[in-house]
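Trainee: Input data-v4.cif, format and content: mmCIF, C-alpha atoms.
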```
data_coords
#
loop_
_atom_site.label_atom_id
_atom_site.label_comp_id
_atom_site.auth_asym_id
_atom_site.auth_seq_id
_atom_site.Cartn_x
_atom_site.Cartn_y
_atom_site.Cartn_z
CA LYS A 23 0.00 0.00 0.00
CA THR A 24 1.21 3.51 -0.81
CA TRP A 25 0.32 4.71 2.66
CA VAL A 26 2.25 1.86 4.25
CA LYS A 27 5.38 2.26 2.12
CA MET A 28 5.84 5.82 3.35
CA PHE A 29 6.75 4.52 6.79
CA LYS A 30 8.33 1.12 6.14
CA LYS A 31 11.93 2.20 5.58
CA PRO A 32 14.21 0.70 8.23
CA GLY A 33 15.13 3.06 11.04
CA LYS A 34 18.25 3.30 13.18
CA GLY A 35 18.69 3.41 16.92
CA LEU A 36 15.98 0.89 17.75
CA LYS A 37 16.10 -0.52 21.28
CA LYS A 38 18.96 1.76 22.24
CA SER A 39 19.10 1.82 26.03
CA TYR A 40 18.25 5.17 27.53
CA GLN A 41 19.63 6.21 30.88
CA PRO A 42 17.12 8.30 32.85
CA GLY A 43 18.95 11.24 34.37
CA SER A 44 21.37 11.86 31.49
CA MET A 45 22.21 15.45 30.60
CA MET A 46 20.45 15.26 27.25
CA SER A 47 17.09 14.84 28.96
CA LEU A 48 17.60 17.31 31.82
CA ALA A 49 16.93 14.31 34.10
CA LEU A 50 13.23 14.37 33.30
CA THR A 51 12.64 10.82 32.08
CA LYS A 52 12.26 8.16 34.76
CA GLY A 53 10.55 4.82 35.12
CA LEU A 54 7.64 4.03 37.44
CA MET A 55 7.47 1.01 39.72
CA ASN A 56 5.05 -1.84 39.16
CA GLU A 57 5.89 -4.61 41.59
CA PRO A 58 4.34 -8.10 41.19
CA GLY A 59 0.69 -7.94 42.18
CA GLN A 60 0.40 -4.14 41.94
CA ASN A 61 -0.99 -4.14 38.37
CA SER A 62 -0.27 -0.43 37.97
CA CYS A 63 0.78 -0.44 34.31
CA PHE A 64 -2.47 1.29 33.28
CA LEU A 65 -1.72 4.15 35.68
CA ASN A 66 1.99 4.35 34.89
CA SER A 67 1.38 4.72 31.15
CA ALA A 68 -1.12 7.51 31.82
CA VAL A 69 1.26 9.40 34.11
CA GLN A 70 4.18 9.11 31.68
CA VAL A 71 2.22 10.55 28.76
CA LEU A 72 0.80 13.37 30.88
CA TRP A 73 4.31 14.26 32.06
CA GLN A 74 5.62 14.39 28.50
CA LEU A 75 2.72 16.60 27.33
CA ASP A 76 4.53 19.92 27.67
CA ILE A 77 1.33 21.96 27.72
CA PHE A 78 -0.20 19.86 30.49
CA ARG A 79 2.99 19.71 32.56
CA ARG A 80 3.63 23.45 32.42
CA SER A 81 -0.02 24.23 33.10
CA LEU A 82 -0.08 22.02 36.20
CA ARG A 83 3.12 23.68 37.41
CA HIS A 84 1.35 27.07 37.26
CA LEU A 85 -1.38 25.90 39.64
CA SER A 86 -0.99 25.43 43.39
CA GLY A 87 -4.18 26.44 45.16
CA HIS A 88 -7.00 23.93 44.72
CA PHE A 89 -9.93 22.18 46.36
CA CYS A 90 -8.08 19.45 48.20
CA LEU A 91 -9.45 15.96 48.82
CA GLY A 92 -6.99 14.94 51.51
CA ASP A 93 -5.93 11.30 51.15
CA SER A 94 -8.02 11.05 47.99
CA CYS A 95 -6.54 14.16 46.35
CA ILE A 96 -5.58 13.28 42.79
CA PHE A 97 -4.30 16.82 42.27
CA CYS A 98 -1.83 16.56 45.17
CA ALA A 99 -0.70 13.07 44.14
CA LEU A 100 -0.09 14.08 40.53
CA LYS A 101 1.79 17.22 41.60
CA SER A 102 3.92 15.08 43.90
CA ILE A 103 4.87 12.61 41.16
CA PHE A 104 5.68 15.44 38.74
CA SER A 105 7.88 17.07 41.39
CA GLN A 106 9.76 13.79 41.84
CA PHE A 107 10.19 13.46 38.08
CA GLN A 108 11.97 16.80 38.11
CA GLN A 109 13.92 16.66 41.37
CA SER A 110 14.55 13.04 42.36
CA ARG A 111 17.90 11.40 41.57
CA GLU A 112 16.26 7.97 41.47
CA ARG A 113 15.81 6.36 38.08
CA VAL A 114 12.60 4.57 39.05
CA LEU A 115 9.90 6.18 41.17
CA PRO A 116 6.81 4.84 42.97
CA SER A 117 3.35 5.87 41.76
CA ASP A 118 1.75 4.67 45.01
CA SER A 119 0.43 8.09 46.04
CA LEU A 120 -1.69 8.43 42.92
CA ARG A 121 -2.76 4.78 42.97
CA ASN A 122 -3.88 5.13 46.61
CA ALA A 123 -5.74 8.37 45.85
CA LEU A 124 -7.62 6.72 42.98
CA ALA A 125 -8.46 3.67 45.09
CA GLU A 126 -9.76 5.80 47.96
CA THR A 127 -11.75 8.12 45.72
CA PHE A 128 -13.50 5.31 43.84
CA LYS A 129 -13.79 2.62 46.49
CA ASP A 130 -17.60 2.93 46.50
CA GLU A 131 -17.59 2.06 42.78
CA GLN A 132 -14.90 -0.62 43.18
CA ARG A 133 -12.78 1.00 40.47
CA PHE A 134 -8.98 1.38 40.54
CA GLN A 135 -8.69 -0.70 43.68
CA LEU A 136 -5.21 -1.68 44.85
CA GLY A 137 -3.82 -4.75 43.10
CA LEU A 138 -6.51 -4.80 40.41
CA MET A 139 -5.94 -4.06 36.73
CA ASP A 140 -8.04 -1.28 35.22
CA ASP A 141 -8.51 0.72 32.02
CA ALA A 142 -5.85 3.26 31.01
CA ALA A 143 -8.34 5.34 29.00
CA GLU A 144 -10.60 5.57 32.05
CA CYS A 145 -7.60 6.55 34.15
CA PHE A 146 -6.54 9.25 31.71
CA PHE A 147 -9.70 11.13 31.13
CA ARG A 148 -12.66 10.00 33.16
CA ARG A 149 -10.74 10.05 36.42
CA THR A 150 -7.40 11.82 36.40
CA SER A 151 -6.40 14.51 33.93
CA TRP A 152 -9.80 15.74 32.82
CA ARG A 153 -12.52 15.48 35.38
CA GLY A 154 -10.29 15.16 38.40
CA ILE A 155 -8.26 18.27 37.55
CA HIS A 156 -11.41 20.16 36.59
CA LEU A 157 -13.04 19.44 39.94
CA HIS A 158 -9.92 20.48 41.85
CA ILE A 159 -9.64 23.87 40.11
CA VAL A 160 -13.19 25.05 39.38
CA SER A 161 -15.36 25.90 42.36
CA ASP A 162 -18.61 25.43 40.43
CA PRO A 163 -18.49 22.12 38.55
CA SER A 164 -22.20 22.11 37.72
CA THR A 165 -21.83 22.84 34.01
CA ASP A 166 -20.18 21.13 31.08
CA THR A 167 -19.28 24.49 29.53
CA CYS A 168 -16.51 25.62 31.88
CA SER A 169 -15.22 29.15 31.24
CA SER A 170 -12.40 29.17 33.80
CA LYS A 171 -9.14 30.26 32.18
CA SER A 172 -7.19 28.10 34.62
CA CYS A 173 -9.03 24.83 33.88
CA ILE A 174 -6.56 22.64 31.97
CA THR A 175 -9.36 20.25 31.08
CA HIS A 176 -11.48 22.71 29.12
CA GLN A 177 -8.86 25.22 28.01
CA LYS A 178 -6.50 22.64 26.51
CA PHE A 179 -8.32 19.32 25.88
CA ALA A 180 -11.91 20.29 25.12
CA MET A 181 -13.28 20.27 21.58
CA MET A 182 -16.40 22.47 21.37
CA LEU A 183 -18.58 21.04 18.62
CA TYR A 184 -22.03 20.97 17.17
CA GLU A 185 -23.65 18.33 14.97
CA GLN A 186 -26.25 19.06 12.34
CA PHE A 187 -27.93 17.34 9.40
CA VAL A 188 -28.19 19.44 6.24
CA CYS A 189 -29.84 18.11 3.11
CA ARG A 190 -28.07 19.18 -0.08
CA CYS A 191 -31.12 18.28 -2.13
CA CYS A 192 -33.89 20.36 -0.51
CA GLY A 193 -31.84 22.50 1.90
CA ALA A 194 -33.65 21.34 5.04
CA SER A 195 -31.59 21.10 8.21
CA SER A 196 -31.95 19.77 11.72
CA ASP A 197 -31.44 21.84 14.85
CA PRO A 198 -27.74 22.04 15.73
CA HIS A 199 -26.73 19.86 18.67
CA PRO A 200 -23.85 21.43 20.65
CA PHE A 201 -21.61 19.29 22.85
CA THR A 202 -18.11 19.08 24.28
CA GLU A 203 -15.83 16.23 23.25
CA PHE A 204 -12.63 15.19 25.00
CA VAL A 205 -11.76 12.04 23.06
CA HIS A 206 -12.52 11.69 19.37
CA TYR A 207 -13.28 7.98 19.04
CA VAL A 208 -12.83 6.13 15.75
CA SER A 209 -13.49 2.50 14.78
CA THR A 210 -10.31 0.76 13.66
CA THR A 211 -12.33 -1.40 11.26
CA ALA A 212 -13.78 1.71 9.57
CA LEU A 213 -10.34 3.34 9.51
CA CYS A 214 -8.76 0.43 7.66
CA GLN A 215 -11.64 0.40 5.18
CA GLN A 216 -10.99 4.05 4.40
CA VAL A 217 -7.25 3.43 3.97
CA ASP A 218 -8.09 0.82 1.32
CA ARG A 219 -10.52 3.18 -0.43
CA MET A 220 -8.03 6.06 -0.50
CA LEU A 221 -5.18 3.90 -1.80
CA GLY A 222 -2.98 5.97 -4.09
CA LYS A 223 -4.39 9.27 -2.80
CA ASN A 224 -2.79 9.25 0.64
CA ARG A 225 -0.51 12.05 1.74
CA PRO A 226 1.25 12.50 5.09
CA ASP A 227 -1.16 15.31 6.00
CA MET A 228 -4.30 13.30 5.20
CA PHE A 229 -4.66 11.45 8.50
CA GLY A 230 -7.36 13.86 9.68
CA GLU A 231 -9.37 13.22 6.53
CA LEU A 232 -8.98 9.47 7.03
CA LEU A 233 -10.34 9.80 10.57
CA GLN A 234 -13.26 11.94 9.43
CA ALA A 235 -14.18 9.48 6.68
CA ALA A 236 -13.95 6.55 9.12
CA ASN A 237 -16.05 8.36 11.71
CA SER A 238 -18.86 9.03 9.26
CA THR A 239 -18.96 5.54 7.76
CA GLY A 240 -22.55 4.31 7.74
CA ASP A 241 -23.75 7.38 9.66
CA LEU A 242 -26.70 8.18 7.39
CA ARG A 243 -30.00 9.71 8.44
CA SER A 244 -33.25 10.59 6.69
CA CYS A 245 -33.76 14.15 5.51
CA PRO A 246 -35.45 16.30 8.21
CA SER A 247 -38.12 17.30 5.66
CA ASP A 248 -38.66 13.70 4.49
CA CYS A 249 -37.67 14.47 0.91
CA GLY A 250 -36.37 10.93 0.59
CA GLN A 251 -32.64 11.73 0.64
CA SER A 252 -30.19 10.08 3.02
CA ILE A 253 -27.74 12.57 4.49
CA LYS A 254 -24.60 12.46 6.60
CA ILE A 255 -24.10 14.35 9.81
CA ARG A 256 -21.89 17.47 9.77
CA ARG A 257 -19.57 18.10 12.72
CA VAL A 258 -18.36 21.66 13.18
CA LEU A 259 -15.45 22.60 15.48
CA LEU A 260 -15.94 25.95 17.20
CA ASN A 261 -12.70 26.39 19.15
CA CYS A 262 -8.98 25.67 18.78
CA PRO A 263 -7.94 22.90 21.21
CA GLU A 264 -4.20 22.66 21.85
CA ILE A 265 -4.32 18.96 22.77
CA VAL A 266 -6.45 16.59 20.69
CA THR A 267 -6.93 12.99 21.77
CA ILE A 268 -7.91 10.26 19.32
CA GLY A 269 -9.31 7.05 20.82
CA PHE A 270 -9.51 3.78 18.93
CA VAL A 271 -12.39 1.32 19.25
CA TRP A 272 -11.32 -2.26 18.56
CA ASP A 273 -13.58 -5.18 17.70
CA SER A 274 -11.37 -7.54 19.71
CA GLU A 275 -8.32 -7.50 21.97
CA GLN A 276 -6.28 -9.50 19.45
CA SER A 277 -7.21 -7.90 16.14
CA ASP A 278 -5.59 -8.81 12.84
CA LEU A 279 -5.91 -5.13 11.88
CA THR A 280 -3.26 -3.96 14.37
CA ASP A 281 -0.42 -3.67 11.86
CA ASP A 282 -2.59 -1.86 9.29
CA VAL A 283 -3.78 0.62 11.91
CA ILE A 284 -0.23 1.40 13.05
CA TRP A 285 0.97 2.00 9.48
CA SER A 286 -2.01 4.27 8.85
CA LEU A 287 -1.20 6.59 11.75
CA GLY A 288 -0.09 10.06 10.75
CA PRO A 289 2.49 12.08 12.73
CA ARG A 290 0.61 15.29 11.89
CA LEU A 291 -3.06 16.20 12.27
CA ASN A 292 -4.95 19.08 10.65
CA LEU A 293 -8.17 20.06 12.37
CA CYS A 294 -9.70 21.09 9.04
CA GLY A 295 -9.36 17.49 7.93
CA LEU A 296 -10.66 15.97 11.14
CA PHE A 297 -14.00 17.85 11.05
CA ASN A 298 -16.41 18.87 8.29
CA CYS A 299 -16.00 22.52 9.16
CA VAL A 300 -13.74 24.58 11.44
CA SER A 301 -14.92 28.06 12.41
CA ASP A 302 -11.98 29.29 14.50
CA GLU A 303 -9.32 31.02 12.37
CA ASN A 304 -6.45 29.72 14.50
CA ALA A 305 -7.79 26.18 14.23
CA LYS A 306 -7.89 26.49 10.44
CA ARG A 307 -4.15 27.17 10.34
CA CYS A 308 -3.16 24.79 13.14
CA GLU A 309 -1.16 21.61 12.52
CA LEU A 310 -0.91 19.35 15.55
CA HIS A 311 2.01 16.98 16.17
CA LEU A 312 1.74 13.42 17.47
CA VAL A 313 3.58 13.37 20.82
CA GLY A 314 2.11 10.49 22.81
CA ILE A 315 0.57 7.04 22.32
CA CYS A 316 -0.87 4.66 24.87
CA PHE A 317 -0.84 0.97 23.89
CA SER A 318 -2.43 -2.18 25.21
CA SER A 319 -1.48 -5.80 24.62
CA LYS A 320 -2.87 -7.27 27.86
CA HIS A 321 -0.38 -4.87 29.43
CA TYR A 322 -0.23 -1.09 29.12
CA SER A 323 2.80 0.84 27.88
CA ALA A 324 3.36 4.19 26.22
CA PHE A 325 5.47 6.10 23.72
CA ALA A 326 6.06 9.81 24.09
CA TYR A 327 8.06 12.42 22.24
CA HIS A 328 10.67 14.03 24.48
CA THR A 329 11.01 17.60 23.24
CA LYS A 330 14.29 18.38 25.03
CA SER A 331 16.14 15.58 23.26
CA SER A 332 13.91 15.42 20.14
CA LYS A 333 13.61 11.66 20.65
CA TRP A 334 10.75 9.20 20.94
CA MET A 335 10.84 7.35 24.27
CA PHE A 336 9.27 4.05 25.25
CA PHE A 337 7.84 3.69 28.77
CA ASP A 338 7.01 0.29 30.20
CA ASP A 339 6.76 0.70 33.99
CA ALA A 340 10.39 0.81 35.24
CA THR A 341 11.80 0.43 31.73
CA VAL A 342 12.60 3.59 29.78
CA LYS A 343 14.20 3.31 26.33
CA GLU A 344 15.12 5.68 23.57
CA ILE A 345 13.50 4.58 20.30
CA GLY A 346 14.67 7.18 17.78
CA SER A 347 13.97 10.62 16.36
CA LYS A 348 11.63 9.49 13.57
CA TRP A 349 8.02 8.33 13.74
CA LYS A 350 8.92 5.33 11.58
CA ASP A 351 11.16 4.11 14.42
CA VAL A 352 8.13 4.04 16.71
CA ALA A 353 5.98 2.31 14.08
CA LEU A 354 8.55 -0.46 13.63
CA LYS A 355 8.82 -0.97 17.40
CA CYS A 356 5.02 -1.22 17.63
CA ILE A 357 4.82 -3.77 14.83
CA ARG A 358 7.54 -5.92 16.35
CA GLY A 359 5.99 -5.76 19.80
CA HIS A 360 2.42 -6.38 18.54
CA PHE A 361 1.26 -3.23 20.37
CA GLN A 362 -2.38 -2.24 19.90
CA PRO A 363 -2.78 1.57 19.92
CA LEU A 364 -5.46 2.79 22.31
CA LEU A 365 -5.03 6.58 22.54
CA LEU A 366 -3.16 9.13 20.40
CA PHE A 367 -2.19 12.57 21.68
CA TYR A 368 -1.63 15.43 19.27
CA THR A 369 -0.48 18.83 20.52
CA ASN A 370 0.06 22.30 19.14
CA PRO A 371 3.85 22.93 19.22
CA GLU A 372 3.07 26.61 19.82
CA GLY A 373 0.76 25.84 22.75
CA SER A 374 1.09 27.67 26.04
CA PRO A 375 0.20 26.96 29.70
CA VAL A 376 -3.17 27.95 31.10
CA SER A 377 -3.56 31.33 32.75
CA ASN A 378 -3.77 31.27 36.53
CA GLU A 379 -5.52 34.62 36.87
CA ASP A 380 -8.79 33.06 38.04
CA ALA A 381 -7.24 29.98 39.70
CA PRO A 382 -7.72 29.32 43.43
CA ARG A 383 -5.13 31.28 45.42
CA GLN A 384 -5.08 28.87 48.33
CA THR A 385 -5.80 25.25 49.10
CA THR A 386 -9.25 24.58 50.55
CA MET A 387 -9.85 21.35 52.46
CA CYS A 388 -13.37 20.02 51.99
CA PRO A 389 -15.20 17.42 54.12
CA ARG A 390 -16.51 14.26 52.51
CA TYR A 391 -20.24 13.69 52.35
CA LYS A 392 -22.97 12.15 50.23
CA ALA A 393 -26.06 13.84 48.87
CA GLN A 394 -29.23 13.26 46.85
CA VAL A 395 -29.66 15.08 43.53
CA ASN A 396 -33.04 14.96 41.80
CA GLY A 397 -33.89 11.88 43.83
CA ASP A 398 -30.85 9.97 42.58
CA ALA A 399 -28.05 8.89 44.87
CA THR A 400 -25.01 10.95 43.94
CA VAL A 401 -21.68 10.49 45.66
CA CYS A 402 -20.10 13.78 46.64
CA TYR A 403 -16.42 13.93 47.45
CA TYR A 404 -15.07 16.53 49.83
CA GLY A 405 -17.53 19.32 49.35
CA PHE A 406 -18.55 19.21 45.69
CA PRO A 407 -20.71 16.83 43.64
CA SER A 408 -18.73 14.31 41.66
CA LEU A 409 -19.05 14.65 37.90
CA LEU A 410 -16.86 11.62 37.42
CA ASN A 411 -19.89 9.43 36.74
CA PRO A 412 -22.79 11.73 35.87
CA HIS A 413 -26.24 10.34 35.28
CA PRO A 414 -26.50 9.54 31.55
CA SER A 415 -29.55 11.77 31.16
CA SER A 416 -27.98 14.67 33.02
CA PRO A 417 -27.36 17.87 31.01
CA ASN A 418 -23.95 17.93 32.68
CA SER A 419 -22.88 14.58 31.24
CA TRP A 420 -19.48 14.62 29.57
CA LYS A 421 -19.25 13.25 26.05
CA SER A 422 -16.03 11.32 25.73
#
```
Please go through the file and, once you have read it, give me the structure as structure tokens.

Mentor:
Amino acid sequence: KTWVKMFKKPGKGLKKSYQPGSMMSLALTKGLMNEPGQNSCFLNSAVQVLWQLDIFRRSLRHLSGHFCLGDSCIFCALKSIFSQFQQSRERVLPSDSLRNALAETFKDEQRFQLGLMDDAAECFFRRTSWRGIHLHIVSDPSTDTCSSKSCITHQKFAMMLYEQFVCRCCGASSDPHPFTEFVHYVSTTALCQQVDRMLGKNRPDMFGELLQAANSTGDLRSCPSDCGQSIKIRRVLLNCPEIVTIGFVWDSEQSDLTDDVIWSLGPRLNLCGLFNCVSDENAKRCELHLVGICFSSKHYSAFAYHTKSSKWMFFDDATVKEIGSKWKDVALKCIRGHFQPLLLFYTNPEGSPVSNEDAPRQTTMCPRYKAQVNGDATVCYYGFPSLLNPHPSSPNSWKS
């Protein structure tokens, strides 16, 4: 395949051992412990990618005051690990503080309990970096449309969208449906089908168009005016997110499409290709770079681009290895290791940290309690209602 051949040239430097703490990295790459029985690989891969996301790391560094959850404070635990990444002379660090905070916070749901394996995607976005950080920074978490300039979740990760059906035949249209998206999920089966259809037309900058075509496969609806036409949904991006996350949906854990999906991945992503329409002028000109990938093969690991050394790094718990400076080096490593990509992270190389002008100036300790909301039992952690598992019919539900 033309698309495949672009990346299949042999690379150099594969499996070269990387020494955490070397001068070239400013001592900022370290492994994370995962002793037998801990089953913390899902958490370790999440933490490593978050640390290597420059925008996220610098934004978190700007923030200190927050709504603290004591022993269950994910914010404190993440800040502590990041501080150790920067200051500790140890090559391998424990992630116990964050693991314990997750276990304590979600013990009523029996999620992320000590010694039990869990889902890295859940850990990334439903629990840690998105909703957890949002709840720690914003005093009023009752709305999905957060306007706080200091909220990393909404200022950097959120994609503000609306969906609408427009008939090209009669001109009828449905009411626009606005929503906020944090992960743009795509079926790997549909993606591979689109790669086959676009054979010979593929360019390195076409990955966004591939994802859009895959995401709209089979998504046909009847014309709103019943003119008899079948129409596709239009998705319009309204803002310019600096971190875009692509999530893959697999038909099975051991898919024979894994190699094809890896070769189809593009190191660059244009927002104009990913969506039918982009209204923000900055988003129209923005090209995002692939900087992090979370993989699963019955065990979680991650690749991340280390900007200080301009190298791709491989993180597998305590193991940290330099892979190479080219994306093809990563692709070859993935093929050889039979890694199944789960999440892709694209960032704006010109991105900046969040503003802290409206961030909490001090740390506020909040007591734990439970409450009833609209007659439904809703767990409330340390003074504010948890949006980590909103009721599916709630207007505050997060689409992810």

Trainee: Apply the PyMOL selection byres ((chain A and resi 246-261) around 8) to the structure shown and report the selected residues as a list in words.

Mentor: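 On this input, the PyMOL selection byres ((chain A and resi 246-261) around 8) captures Met181, Met182, Leu183, Tyr184, Glu185, Gln186, Phe187, Val188, Cys189, Cys191, Cys192, Ala194, Ser195, Ser196, Ser238, Asp241, Leu242, Arg243, Ser244, Cys245, Cys262, Pro263, Phe297, Asn298, Cys299, Val300, Ser301, Asp302 and Ala305 of chain A.
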
Trainee: For CA of Leu115 in chain A and CA of Asn66 in chain A, quote the distance in Å rounded to one decimal.

Mentor: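 Spanning CA of Leu115 in chain A to CA of Asn66 in chain A is a straight-line distance of 10.3 Å.
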
Trainee: Mind telling me what the PyMOL selection byres ((chain A and resi 234) around 9) catches here, as a PyMOL selection string?

Mentor: chain A and resi 208+229-233+235-239+295-298

Trainee: Next, write the just-selected residues to a file, as a PDB file, in the frame of the given file, keeping C-alpha atoms as the atom set.

Mentor:
```
ATOM      1  CA  VAL A 208     -12.830   6.130  15.750  1.00  0.00           C
ATOM      2  CA  PHE A 229      -4.660  11.450   8.500  1.00  0.00           C
ATOM      3  CA  GLY A 230      -7.360  13.860   9.680  1.00  0.00           C
ATOM      4  CA  GLU A 231      -9.370  13.220   6.530  1.00  0.00           C
ATOM      5  CA  LEU A 232      -8.980   9.470   7.030  1.00  0.00           C
ATOM      6  CA  LEU A 233     -10.340   9.800  10.570  1.00  0.00           C
ATOM      7  CA  ALA A 235     -14.180   9.480   6.680  1.00  0.00           C
ATOM      8  CA  ALA A 236     -13.950   6.550   9.120  1.00  0.00           C
ATOM      9  CA  ASN A 237     -16.050   8.360  11.710  1.00  0.00           C
ATOM     10  CA  SER A 238     -18.860   9.030   9.260  1.00  0.00           C
ATOM     11  CA  THR A 239     -18.960   5.540   7.760  1.00  0.00           C
ATOM     12  CA  GLY A 295      -9.360  17.490   7.930  1.00  0.00           C
ATOM     13  CA  LEU A 296     -10.660  15.970  11.140  1.00  0.00           C
ATOM     14  CA  PHE A 297     -14.000  17.850  11.050  1.00  0.00           C
ATOM     15  CA  ASN A 298     -16.410  18.870   8.290  1.00  0.00           C
TER      16      ASN A 298
END
```

Trainee: For the atom pair CA of His156 in chain A and CA of Ser323 in chain A, what is the interatomic distance in Å to one decimal place?

Mentor: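 Going from CA of His156 in chain A over to CA of Ser323 in chain A, I get 25.5 Å.
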
Trainee: Using all atoms listed in the file, which of A:Trp272, A:Trp334, A:Trp285, A:Tyr368 sits nearest Ser347 in chain A?

Mentor: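 When distances to Ser347 in chain A are compared using all atoms listed in the file, the smallest one comes from A:Trp334.
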
Trainee: Check which residues of range 305-388 of chain A sit at most 10 Å from range 80-91 of chain A using all atoms listed in the file, and return one row each with the closest pair of atoms and their distance in Å to one decimal, ordered by chain and rising number, as JSON lines.

Mentor:
```
{"residue": "A:Ser374", "atom": "CA", "partner": "A:Ser81", "partner_atom": "CA", "distance": 7.9}
{"residue": "A:Pro375", "atom": "CA", "partner": "A:Ser81", "partner_atom": "CA", "distance": 4.4}
{"residue": "A:Val376", "atom": "CA", "partner": "A:Ser81", "partner_atom": "CA", "distance": 5.3}
{"residue": "A:Ser377", "atom": "CA", "partner": "A:His84", "partner_atom": "CA", "distance": 7.9}
{"residue": "A:Asn378", "atom": "CA", "partner": "A:Leu85", "partner_atom": "CA", "distance": 6.6}
{"residue": "A:Ala381", "atom": "CA", "partner": "A:Leu85", "partner_atom": "CA", "distance": 7.1}
{"residue": "A:Pro382", "atom": "CA", "partner": "A:Gly87", "partner_atom": "CA", "distance": 4.9}
{"residue": "A:Arg383", "atom": "CA", "partner": "A:Gly87", "partner_atom": "CA", "distance": 4.9}
{"residue": "A:Gln384", "atom": "CA", "partner": "A:Gly87", "partner_atom": "CA", "distance": 4.1}
{"residue": "A:Thr385", "atom": "CA", "partner": "A:Gly87", "partner_atom": "CA", "distance": 4.4}
{"residue": "A:Thr386", "atom": "CA", "partner": "A:Phe89", "partner_atom": "CA", "distance": 4.9}
{"residue": "A:Met387", "atom": "CA", "partner": "A:Cys90", "partner_atom": "CA", "distance": 5.0}
{"residue": "A:Cys388", "atom": "CA", "partner": "A:Leu91", "partner_atom": "CA", "distance": 6.5}
```

Trainee: When you draw a straight line from CA of Ile96 in chain A to CA of Ala123 in chain A, how long is it in Å?

Mentor: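 Taking CA of Ile96 in chain A as the start and CA of Ala123 in chain A as the end point, the length is 5.8 Å.
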
Trainee: Which one of A:Leu354, A:Cys308, A:Ile103, A:Ala340 sits closest to Asn56 in chain A if you count only C-alpha atoms?

Mentor: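 Of the candidates, the smallest distance to Asn56 in chain A is held by A:Ala340.
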
Trainee: Give as an mmCIF file with C-alpha atoms, keeping the file's coordinate frame every residue, naming chains and numbers as the document does, that has an atom within 12 Å of (-8.9, -3.5, 16.1), counting only C-alpha atoms.

Mentor:
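So out-v1.cif came out as:
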```
data_model
loop_
_atom_site.group_PDB
_atom_site.id
_atom_site.type_symbol
_atom_site.label_atom_id
_atom_site.label_comp_id
_atom_site.auth_asym_id
_atom_site.auth_seq_id
_atom_site.Cartn_x
_atom_site.Cartn_y
_atom_site.Cartn_z
ATOM 1 C CA VAL A 208 -12.830 6.130 15.750
ATOM 2 C CA SER A 209 -13.490 2.500 14.780
ATOM 3 C CA THR A 210 -10.310 0.760 13.660
ATOM 4 C CA THR A 211 -12.330 -1.400 11.260
ATOM 5 C CA ALA A 212 -13.780 1.710 9.570
ATOM 6 C CA LEU A 213 -10.340 3.340 9.510
ATOM 7 C CA CYS A 214 -8.760 0.430 7.660
ATOM 8 C CA GLN A 215 -11.640 0.400 5.180
ATOM 9 C CA GLY A 269 -9.310 7.050 20.820
ATOM 10 C CA PHE A 270 -9.510 3.780 18.930
ATOM 11 C CA VAL A 271 -12.390 1.320 19.250
ATOM 12 C CA TRP A 272 -11.320 -2.260 18.560
ATOM 13 C CA ASP A 273 -13.580 -5.180 17.700
ATOM 14 C CA SER A 274 -11.370 -7.540 19.710
ATOM 15 C CA GLU A 275 -8.320 -7.500 21.970
ATOM 16 C CA GLN A 276 -6.280 -9.500 19.450
ATOM 17 C CA SER A 277 -7.210 -7.900 16.140
ATOM 18 C CA ASP A 278 -5.590 -8.810 12.840
ATOM 19 C CA LEU A 279 -5.910 -5.130 11.880
ATOM 20 C CA THR A 280 -3.260 -3.960 14.370
ATOM 21 C CA ASP A 281 -0.420 -3.670 11.860
ATOM 22 C CA ASP A 282 -2.590 -1.860 9.290
ATOM 23 C CA VAL A 283 -3.780 0.620 11.910
ATOM 24 C CA ILE A 284 -0.230 1.400 13.050
ATOM 25 C CA SER A 318 -2.430 -2.180 25.210
ATOM 26 C CA SER A 319 -1.480 -5.800 24.620
ATOM 27 C CA HIS A 360 2.420 -6.380 18.540
ATOM 28 C CA PHE A 361 1.260 -3.230 20.370
ATOM 29 C CA GLN A 362 -2.380 -2.240 19.900
ATOM 30 C CA PRO A 363 -2.780 1.570 19.920
ATOM 31 C CA LEU A 364 -5.460 2.790 22.310
#
```

Trainee: Ranking A:Phe337, A:Gly314, A:Ile155, A:Ile268 by minimum distance to Tyr207 in chain A and counting all atoms listed in the file, which one comes first?

Mentor: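 That would be A:Ile268, the residue with the smallest distance to Tyr207 in chain A.
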
Trainee: Would you kindly return, as a list in words, each protein, DNA or RNA residue with an atom no farther than 10 Å from any atom of Asp93 in chain A, considering all atoms listed in the file and excluding same-chain residues fewer than 6 positions away?

Mentor: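 Close residues of Asp93 in chain A: Ala99, Ser119, Leu120, Asn122, Ala123, Leu124, Glu126 and Thr127 of chain A.
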
Trainee: I need the residue set behind the PyMOL selection byres ((chain A and resi 264) around 7) for this file; please write it as a list in words.

Mentor: Lys178, Phe179, Cys262, Pro263, Ile265, Val266, Thr369, Asn370 and Gly373 of chain A

Trainee: Okay, now the selection with C-alpha atoms, as a PDB file, keeping the file's coordinate frame?

Mentor:
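Output contents, as saved in out-v4.pdb:
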```pdb
ATOM      1  CA  LYS A 178      -6.500  22.640  26.510  1.00  0.00           C
ATOM      2  CA  PHE A 179      -8.320  19.320  25.880  1.00  0.00           C
ATOM      3  CA  CYS A 262      -8.980  25.670  18.780  1.00  0.00           C
ATOM      4  CA  PRO A 263      -7.940  22.900  21.210  1.00  0.00           C
ATOM      5  CA  ILE A 265      -4.320  18.960  22.770  1.00  0.00           C
ATOM      6  CA  VAL A 266      -6.450  16.590  20.690  1.00  0.00           C
ATOM      7  CA  THR A 369      -0.480  18.830  20.520  1.00  0.00           C
ATOM      8  CA  ASN A 370       0.060  22.300  19.140  1.00  0.00           C
ATOM      9  CA  GLY A 373       0.760  25.840  22.750  1.00  0.00           C
TER      10      GLY A 373
END
```
